[in-house]
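Have a look at the structure below before the remarks.
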Amino acid sequence: MQILPVSDSQLKKEFLKVPHLIYAGDENWICPLEQDVEKTFNPQKNPFFKHGKCTRWILQDDQGKTIGRIAAFVNDKKAFQYDQPTGGMGFFECINDEKAAFTLFDAAKDWLISQGMKAMDGPINFGENDTFWGLLVEGFTPPSYGMNYNPSYYQAFFDNYGFTTEYQQITNHLAVRKPFPERFTKIANWVANKPGYTFESFSTKNPEKYVNDLMEIYNDGWKDFDNFVPIKKETLLASFKQMEAIMDEKLIWFAYINGEPASFVVIIPDANQLIKGFNGKLGLLEKIKFVYRRWKGVNRMRAIVMGTKTAYQKHGLES
(Lines give C-alpha, C1' and ligand atoms only; values in the text may rest on other atoms or scores of the structure.)
Protein backbone atom coordinates (compact mmCIF):
# COMPACT_ATOMS: atom_id res chain seq x y z
CA MET A 1 0.00 0.00 0.00
CA GLN A 2 1.09 3.54 -0.70
CA ILE A 3 0.06 6.72 1.15
CA LEU A 4 0.08 9.85 -1.03
CA PRO A 5 -0.28 13.50 0.05
CA VAL A 6 -3.02 15.25 -1.94
CA SER A 7 -0.89 17.66 -3.91
CA ASP A 8 -2.55 18.12 -7.32
CA SER A 9 -5.94 18.19 -9.03
CA GLN A 10 -5.87 14.49 -9.97
CA LEU A 11 -5.23 13.44 -6.37
CA LYS A 12 -8.04 15.78 -5.24
CA LYS A 13 -10.37 13.89 -7.57
CA GLU A 14 -9.20 10.61 -6.06
CA PHE A 15 -9.83 11.98 -2.56
CA LEU A 16 -13.41 12.91 -3.53
CA LYS A 17 -14.04 9.53 -5.22
CA VAL A 18 -13.27 7.39 -2.14
CA PRO A 19 -16.75 7.64 -0.52
CA HIS A 20 -18.38 6.43 -3.74
CA LEU A 21 -16.37 3.21 -3.38
CA ILE A 22 -17.23 2.81 0.32
CA TYR A 23 -20.98 3.51 0.10
CA ALA A 24 -21.81 1.88 -3.22
CA GLY A 25 -25.22 0.27 -2.80
CA ASP A 26 -26.01 1.93 0.57
CA GLU A 27 -29.39 3.61 0.05
CA ASN A 28 -29.11 5.65 3.25
CA TRP A 29 -25.94 7.45 2.20
CA ILE A 30 -26.32 10.91 0.67
CA CYS A 31 -23.13 12.20 -0.92
CA PRO A 32 -21.97 15.56 0.47
CA LEU A 33 -21.42 18.25 -2.13
CA GLU A 34 -17.85 18.16 -3.39
CA GLN A 35 -17.68 21.94 -3.19
CA ASP A 36 -18.47 21.78 0.56
CA VAL A 37 -15.68 19.27 1.13
CA GLU A 38 -13.20 21.28 -0.92
CA LYS A 39 -14.03 24.51 0.98
CA THR A 40 -12.55 22.88 4.07
CA PHE A 41 -9.17 22.65 2.38
CA ASN A 42 -9.23 26.07 0.70
CA PRO A 43 -7.45 28.82 2.68
CA GLN A 44 -9.46 31.45 0.79
CA LYS A 45 -12.80 29.93 1.86
CA ASN A 46 -12.10 28.40 5.28
CA PRO A 47 -11.43 31.04 7.98
CA PHE A 48 -9.82 28.39 10.22
CA PHE A 49 -6.66 28.66 8.11
CA LYS A 50 -6.08 32.04 9.78
CA HIS A 51 -5.29 30.20 13.01
CA GLY A 52 -4.45 26.69 11.85
CA LYS A 53 -3.21 24.34 9.17
CA CYS A 54 -4.28 21.07 7.57
CA THR A 55 -3.23 18.42 5.11
CA ARG A 56 -4.72 15.25 3.60
CA TRP A 57 -3.80 11.94 2.01
CA ILE A 58 -5.18 9.10 -0.08
CA LEU A 59 -4.23 5.44 0.27
CA GLN A 60 -3.70 3.20 -2.74
CA ASP A 61 -3.35 -0.58 -2.87
CA ASP A 62 -0.61 -2.54 -4.66
CA GLN A 63 -2.46 -2.18 -7.98
CA GLY A 64 -2.71 1.62 -7.62
CA LYS A 65 -6.44 1.61 -6.76
CA THR A 66 -7.47 4.25 -4.20
CA ILE A 67 -8.92 2.49 -1.13
CA GLY A 68 -8.94 5.16 1.59
CA ARG A 69 -8.43 8.78 2.58
CA ILE A 70 -7.83 10.92 5.66
CA ALA A 71 -7.09 14.54 6.66
CA ALA A 72 -5.29 16.00 9.67
CA PHE A 73 -5.39 19.52 11.06
CA VAL A 74 -4.25 21.77 13.87
CA ASN A 75 -6.49 24.52 15.20
CA ASP A 76 -4.03 26.75 17.08
CA LYS A 77 -6.85 28.34 19.08
CA LYS A 78 -7.89 25.00 20.58
CA ALA A 79 -4.82 22.80 20.35
CA PHE A 80 -3.08 24.21 23.41
CA GLN A 81 -6.13 24.48 25.67
CA TYR A 82 -5.85 20.80 26.56
CA ASP A 83 -3.46 19.14 29.04
CA GLN A 84 -1.76 17.73 25.95
CA PRO A 85 -1.51 19.75 22.71
CA THR A 86 -4.26 18.16 20.60
CA GLY A 87 -4.78 18.07 16.85
CA GLY A 88 -7.56 16.57 14.78
CA MET A 89 -8.19 14.05 12.05
CA GLY A 90 -11.23 13.68 9.84
CA PHE A 91 -12.68 12.96 6.39
CA PHE A 92 -11.68 9.36 7.07
CA GLU A 93 -13.01 6.79 4.62
CA CYS A 94 -11.59 3.30 4.12
CA ILE A 95 -12.38 -0.16 2.82
CA ASN A 96 -13.01 -2.86 5.43
CA ASP A 97 -9.33 -3.56 6.06
CA GLU A 98 -7.78 -2.77 9.44
CA LYS A 99 -4.23 -2.58 8.09
CA ALA A 100 -5.34 0.05 5.56
CA ALA A 101 -7.21 2.01 8.25
CA PHE A 102 -4.21 1.95 10.60
CA THR A 103 -1.94 3.12 7.78
CA LEU A 104 -4.19 6.15 7.36
CA PHE A 105 -4.37 6.80 11.12
CA ASP A 106 -0.56 6.57 11.31
CA ALA A 107 -0.17 9.16 8.55
CA ALA A 108 -2.37 11.62 10.44
CA LYS A 109 -0.67 10.87 13.77
CA ASP A 110 2.86 11.26 12.40
CA TRP A 111 2.02 14.61 10.81
CA LEU A 112 0.41 15.86 14.01
CA ILE A 113 3.49 14.84 16.00
CA SER A 114 5.61 16.83 13.53
CA GLN A 115 3.41 19.84 14.34
CA GLY A 116 4.07 19.52 18.07
CA MET A 117 0.84 17.69 18.96
CA LYS A 118 0.66 14.92 21.57
CA ALA A 119 -2.94 13.76 21.09
CA MET A 120 -5.38 13.31 18.22
CA ASP A 121 -9.16 13.85 18.21
CA GLY A 122 -11.30 12.39 15.48
CA PRO A 123 -13.13 12.13 13.32
CA ILE A 124 -13.67 15.89 13.46
CA ASN A 125 -13.70 18.79 11.01
CA PHE A 126 -11.29 21.65 10.33
CA GLY A 127 -14.13 24.00 11.20
CA GLU A 128 -17.22 24.14 13.41
CA ASN A 129 -18.79 20.94 14.74
CA ASP A 130 -22.07 21.36 12.83
CA THR A 131 -20.58 19.66 9.77
CA PHE A 132 -18.32 16.66 9.03
CA TRP A 133 -18.04 15.80 12.72
CA GLY A 134 -18.20 12.58 14.69
CA LEU A 135 -18.28 8.82 14.20
CA LEU A 136 -21.71 7.32 13.55
CA VAL A 137 -22.18 4.38 15.91
CA GLU A 138 -25.99 3.98 15.94
CA GLY A 139 -29.04 5.16 14.02
CA PHE A 140 -27.94 4.30 10.48
CA THR A 141 -30.68 6.35 8.81
CA PRO A 142 -30.38 8.89 5.97
CA PRO A 143 -28.26 11.67 7.50
CA SER A 144 -29.30 15.30 7.65
CA TYR A 145 -27.15 17.88 5.87
CA GLY A 146 -23.61 18.09 7.22
CA MET A 147 -23.92 15.05 9.46
CA ASN A 148 -21.32 12.30 9.12
CA TYR A 149 -22.49 8.91 7.93
CA ASN A 150 -20.19 5.89 8.27
CA PRO A 151 -20.20 2.12 7.78
CA SER A 152 -20.65 0.32 11.11
CA TYR A 153 -17.23 -1.34 10.78
CA TYR A 154 -15.45 1.99 11.32
CA GLN A 155 -16.03 1.83 15.07
CA ALA A 156 -13.80 -1.25 15.43
CA PHE A 157 -11.02 0.57 13.57
CA PHE A 158 -11.12 3.48 16.01
CA ASP A 159 -11.47 1.29 19.10
CA ASN A 160 -8.67 -1.09 18.08
CA TYR A 161 -6.31 1.76 17.19
CA GLY A 162 -6.73 3.18 20.69
CA PHE A 163 -9.29 5.97 20.35
CA THR A 164 -11.64 6.38 23.32
CA THR A 165 -14.92 8.31 23.43
CA GLU A 166 -14.35 11.93 24.40
CA TYR A 167 -18.02 12.90 24.28
CA GLN A 168 -21.21 11.93 22.53
CA GLN A 169 -22.78 14.24 19.97
CA ILE A 170 -26.40 13.21 19.55
CA THR A 171 -28.92 14.00 16.83
CA ASN A 172 -32.54 13.62 17.93
CA HIS A 173 -35.56 13.23 15.67
CA LEU A 174 -38.81 15.00 16.61
CA ALA A 175 -42.13 14.59 14.80
CA VAL A 176 -43.35 18.19 14.72
CA ARG A 177 -46.98 17.35 13.91
CA LYS A 178 -47.21 15.36 17.12
CA PRO A 179 -48.47 17.67 19.94
CA PHE A 180 -45.87 18.79 22.46
CA PRO A 181 -46.38 17.77 26.10
CA GLU A 182 -48.96 20.01 27.79
CA ARG A 183 -46.40 21.29 30.32
CA PHE A 184 -44.05 22.39 27.53
CA THR A 185 -46.82 24.35 25.75
CA LYS A 186 -47.96 25.89 29.02
CA ILE A 187 -44.47 27.20 29.77
CA ALA A 188 -44.05 28.50 26.20
CA ASN A 189 -47.37 30.41 26.28
CA TRP A 190 -46.56 31.85 29.71
CA VAL A 191 -43.10 33.08 28.58
CA ALA A 192 -44.43 34.48 25.28
CA ASN A 193 -46.85 36.72 27.17
CA LYS A 194 -44.44 38.01 29.83
CA PRO A 195 -43.97 41.82 29.81
CA GLY A 196 -40.70 42.87 28.16
CA TYR A 197 -40.26 39.53 26.35
CA THR A 198 -40.27 39.89 22.55
CA PHE A 199 -39.53 37.48 19.71
CA GLU A 200 -38.22 38.18 16.21
CA SER A 201 -37.40 35.98 13.25
CA PHE A 202 -34.24 36.50 11.20
CA SER A 203 -34.38 39.06 8.40
CA THR A 204 -32.12 39.04 5.34
CA LYS A 205 -32.76 42.79 5.12
CA ASN A 206 -30.69 43.32 8.26
CA PRO A 207 -28.46 40.23 8.61
CA GLU A 208 -25.67 42.03 10.49
CA LYS A 209 -27.96 42.82 13.44
CA TYR A 210 -28.97 39.20 13.92
CA VAL A 211 -25.44 37.89 13.38
CA ASN A 212 -24.25 40.25 16.12
CA ASP A 213 -27.11 39.19 18.42
CA LEU A 214 -26.40 35.50 17.82
CA MET A 215 -22.69 35.99 18.50
CA GLU A 216 -23.45 37.85 21.76
CA ILE A 217 -25.84 35.15 23.00
CA TYR A 218 -23.74 32.19 21.88
CA ASN A 219 -20.48 33.44 23.38
CA ASP A 220 -22.20 34.12 26.70
CA GLY A 221 -24.31 30.97 26.85
CA TRP A 222 -21.53 28.51 25.97
CA LYS A 223 -18.60 30.19 27.73
CA ASP A 224 -18.51 27.77 30.70
CA PHE A 225 -18.08 24.66 28.52
CA ASP A 226 -14.66 22.99 28.49
CA ASN A 227 -12.26 24.27 25.83
CA PHE A 228 -14.82 26.80 24.59
CA VAL A 229 -13.57 29.17 21.88
CA PRO A 230 -15.74 32.26 21.19
CA ILE A 231 -17.30 32.23 17.76
CA LYS A 232 -16.17 34.98 15.40
CA LYS A 233 -18.35 37.26 13.33
CA GLU A 234 -16.61 36.30 10.08
CA THR A 235 -17.33 32.62 10.77
CA LEU A 236 -21.02 33.36 11.36
CA LEU A 237 -21.30 35.57 8.27
CA ALA A 238 -19.73 32.78 6.18
CA SER A 239 -22.20 30.25 7.64
CA PHE A 240 -25.24 32.42 6.92
CA LYS A 241 -23.93 33.12 3.43
CA GLN A 242 -23.71 29.37 2.83
CA MET A 243 -27.27 28.88 4.11
CA GLU A 244 -28.80 31.57 1.88
CA ALA A 245 -29.95 29.18 -0.86
CA ILE A 246 -32.12 27.16 1.52
CA MET A 247 -32.76 29.52 4.44
CA ASP A 248 -36.29 30.19 5.67
CA GLU A 249 -36.39 33.33 7.83
CA LYS A 250 -39.35 32.01 9.84
CA LEU A 251 -37.27 29.10 11.11
CA ILE A 252 -34.59 31.28 12.76
CA TRP A 253 -35.82 32.97 15.94
CA PHE A 254 -34.47 35.34 18.57
CA ALA A 255 -35.83 36.18 22.01
CA TYR A 256 -35.22 39.56 23.65
CA ILE A 257 -35.77 40.67 27.22
CA ASN A 258 -36.32 44.43 27.44
CA GLY A 259 -34.50 44.73 24.12
CA GLU A 260 -31.47 42.68 25.18
CA PRO A 261 -30.63 39.60 23.03
CA ALA A 262 -31.34 36.62 25.28
CA SER A 263 -31.89 33.41 23.29
CA PHE A 264 -31.95 32.04 19.75
CA VAL A 265 -32.53 28.94 17.65
CA VAL A 266 -31.34 28.33 14.07
CA ILE A 267 -33.28 25.79 12.01
CA ILE A 268 -32.91 25.23 8.26
CA PRO A 269 -34.65 23.00 5.71
CA ASP A 270 -32.66 19.76 5.40
CA ALA A 271 -30.57 20.32 2.28
CA ASN A 272 -29.81 16.60 1.98
CA GLN A 273 -33.36 16.13 0.69
CA LEU A 274 -32.52 18.68 -2.00
CA ILE A 275 -29.18 17.18 -3.10
CA LYS A 276 -29.97 13.46 -2.89
CA GLY A 277 -28.83 11.72 -6.07
CA PHE A 278 -26.50 14.56 -7.10
CA ASN A 279 -23.43 12.41 -6.32
CA GLY A 280 -21.66 15.43 -4.88
CA LYS A 281 -21.97 17.51 -8.06
CA LEU A 282 -23.69 20.87 -8.45
CA GLY A 283 -23.69 21.58 -12.16
CA LEU A 284 -26.42 23.28 -14.19
CA LEU A 285 -28.75 20.25 -14.23
CA GLU A 286 -28.35 19.74 -10.47
CA LYS A 287 -29.02 23.43 -9.83
CA ILE A 288 -32.27 23.23 -11.81
CA LYS A 289 -33.31 20.16 -9.80
CA PHE A 290 -32.30 21.93 -6.58
CA VAL A 291 -34.49 24.97 -7.36
CA TYR A 292 -37.43 22.73 -8.24
CA ARG A 293 -37.08 20.68 -5.06
CA ARG A 294 -36.70 23.85 -3.02
CA TRP A 295 -39.96 25.17 -4.53
CA LYS A 296 -41.67 21.84 -3.96
CA GLY A 297 -40.54 21.77 -0.33
CA VAL A 298 -38.96 19.29 2.06
CA ASN A 299 -40.47 17.42 5.00
CA ARG A 300 -37.50 17.51 7.35
CA MET A 301 -35.78 20.46 9.02
CA ARG A 302 -32.46 20.54 10.81
CA ALA A 303 -31.97 22.48 14.03
CA ILE A 304 -28.32 23.49 13.79
CA VAL A 305 -27.71 25.40 17.00
CA MET A 306 -29.46 27.14 19.85
CA GLY A 307 -28.30 29.09 22.87
CA THR A 308 -29.44 31.19 25.81
CA LYS A 309 -27.44 33.70 27.83
CA THR A 310 -26.40 32.36 31.22
CA ALA A 311 -28.52 34.97 33.08
CA TYR A 312 -31.68 33.87 31.25
CA GLN A 313 -31.28 30.11 31.32
CA LYS A 314 -34.10 28.22 33.08
CA HIS A 315 -36.47 31.09 32.29
CA GLY A 316 -38.47 28.95 29.87
CA LEU A 317 -37.09 30.66 26.75
CA GLU A 318 -36.03 27.31 25.27
CA SER A 319 -39.67 26.20 25.34
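Please note that chains go A, B, ... in the order of the C-alpha coordinates, that every chain numbers its residues from 1, and that ligands are numbered from 1 in the order shown.
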(request) Pick out each residue of region 54-271 of chain A that DSSP on the backbone tags as helix (DSSP H, G or I); I need them as a ChimeraX atom specification. (result) /A:76-79,98-114,154-161,182-192,207-221,233-243,249-251
(message) I'd like the neighbourhood of region 63-80 of chain A as a VMD selection string, where a residue qualifies if any of its atoms comes within 9 Å (using only C-alpha atoms), though same-chain residues fewer than 3 positions away should be ignored.
(response) chain A and resid 1 to 3 14 to 19 21 to 22 48 to 49 51 to 60 83 to 95 100 to 101 104 to 105 107 to 109 111 to 112 115 117 120 125 to 127 227 to 229
Rows by chain and residue number, region 192-301 of chain A within 9 Å of region 309-315 of chain A, shortest pair, only C-alpha atoms, as CSV:
residue,atom,partner,partner_atom,distance
A:Glu216,CA,A:Lys309,CA,8.4
A:Ile217,CA,A:Lys309,CA,5.3
A:Tyr218,CA,A:Lys309,CA,7.2
A:Asn219,CA,A:Lys309,CA,8.3
A:Asp220,CA,A:Lys309,CA,5.4
A:Gly221,CA,A:Lys309,CA,4.3
A:Trp222,CA,A:Lys309,CA,8.1
A:Lys223,CA,A:Thr310,CA,8.8
A:Ile257,CA,A:Tyr312,CA,8.9
A:Pro261,CA,A:Lys309,CA,8.3
A:Ala262,CA,A:Lys309,CA,5.5
A:Ser263,CA,A:Lys309,CA,6.4
Find the residues of region 152-202 of chain A that sit at most 12 Å from region 233-250 of chain A; for each, write down the nearest two atoms and how far apart they are in Å, to one decimal. Count only C-alpha atoms. Sort by chain, then by number going up, and give it as a Markdown table.
| residue | atom | partner | partner_atom | distance |
| --- | --- | --- | --- | --- |
| A:Phe199 | CA | A:Lys250 | CA | 11.3 |
| A:Glu200 | CA | A:Lys250 | CA | 8.9 |
| A:Ser201 | CA | A:Lys250 | CA | 5.6 |
| A:Phe202 | CA | A:Glu249 | CA | 5.1 |
(request) Can you work out which one of A:Lys281, A:Asp121, A:His173, A:Ile267 has the shortest atom-to-atom distance to Gly139 (chain A), counting only C-alpha atoms? (result)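 Once distances to Gly139 (chain A) are computed over only C-alpha atoms, the minimum belongs to A:His173.
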(request) Going by DSSP on the backbone, which bits of region 22-146 of chain A are strand (DSSP E or B)? Write them as JSON, numbers by chain, please. (result) {"A": [52, 53, 54, 55, 56, 57, 58, 59, 60, 66, 67, 68, 69, 70, 71, 72, 73, 74, 75, 86, 87, 88, 89, 90, 91, 92, 93, 94, 119, 120, 121]}
(request) Could you check which of A:Met147, A:Ile304, A:Ile30, A:Ile187 is closest to Asn279 (chain A), using only C-alpha atoms? (result) A:Ile30
(request) Go ahead and compute the interatomic distance for CA of Glu38 (chain A) and CA of Thr164 (chain A), in Å to one decimal. (result)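 Taking CA of Glu38 (chain A) and CA of Thr164 (chain A), their separation equals 28.5 Å.
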(request) Write out as a ChimeraX atom specification the residues lying within 12 Å of region 167-171 of chain A, counting only C-alpha atoms and excluding same-chain residues fewer than 3 positions away. (result) /A:121-124,129-131,133-141,143-148,163-164,174,226,302-305
(request) Compare A:Met301, A:Cys31, A:Ile252, A:Ile275 by their minimum atom-to-atom distance to Asn172 (chain A), counting only C-alpha atoms, and give me the closest one. (result) A:Met301
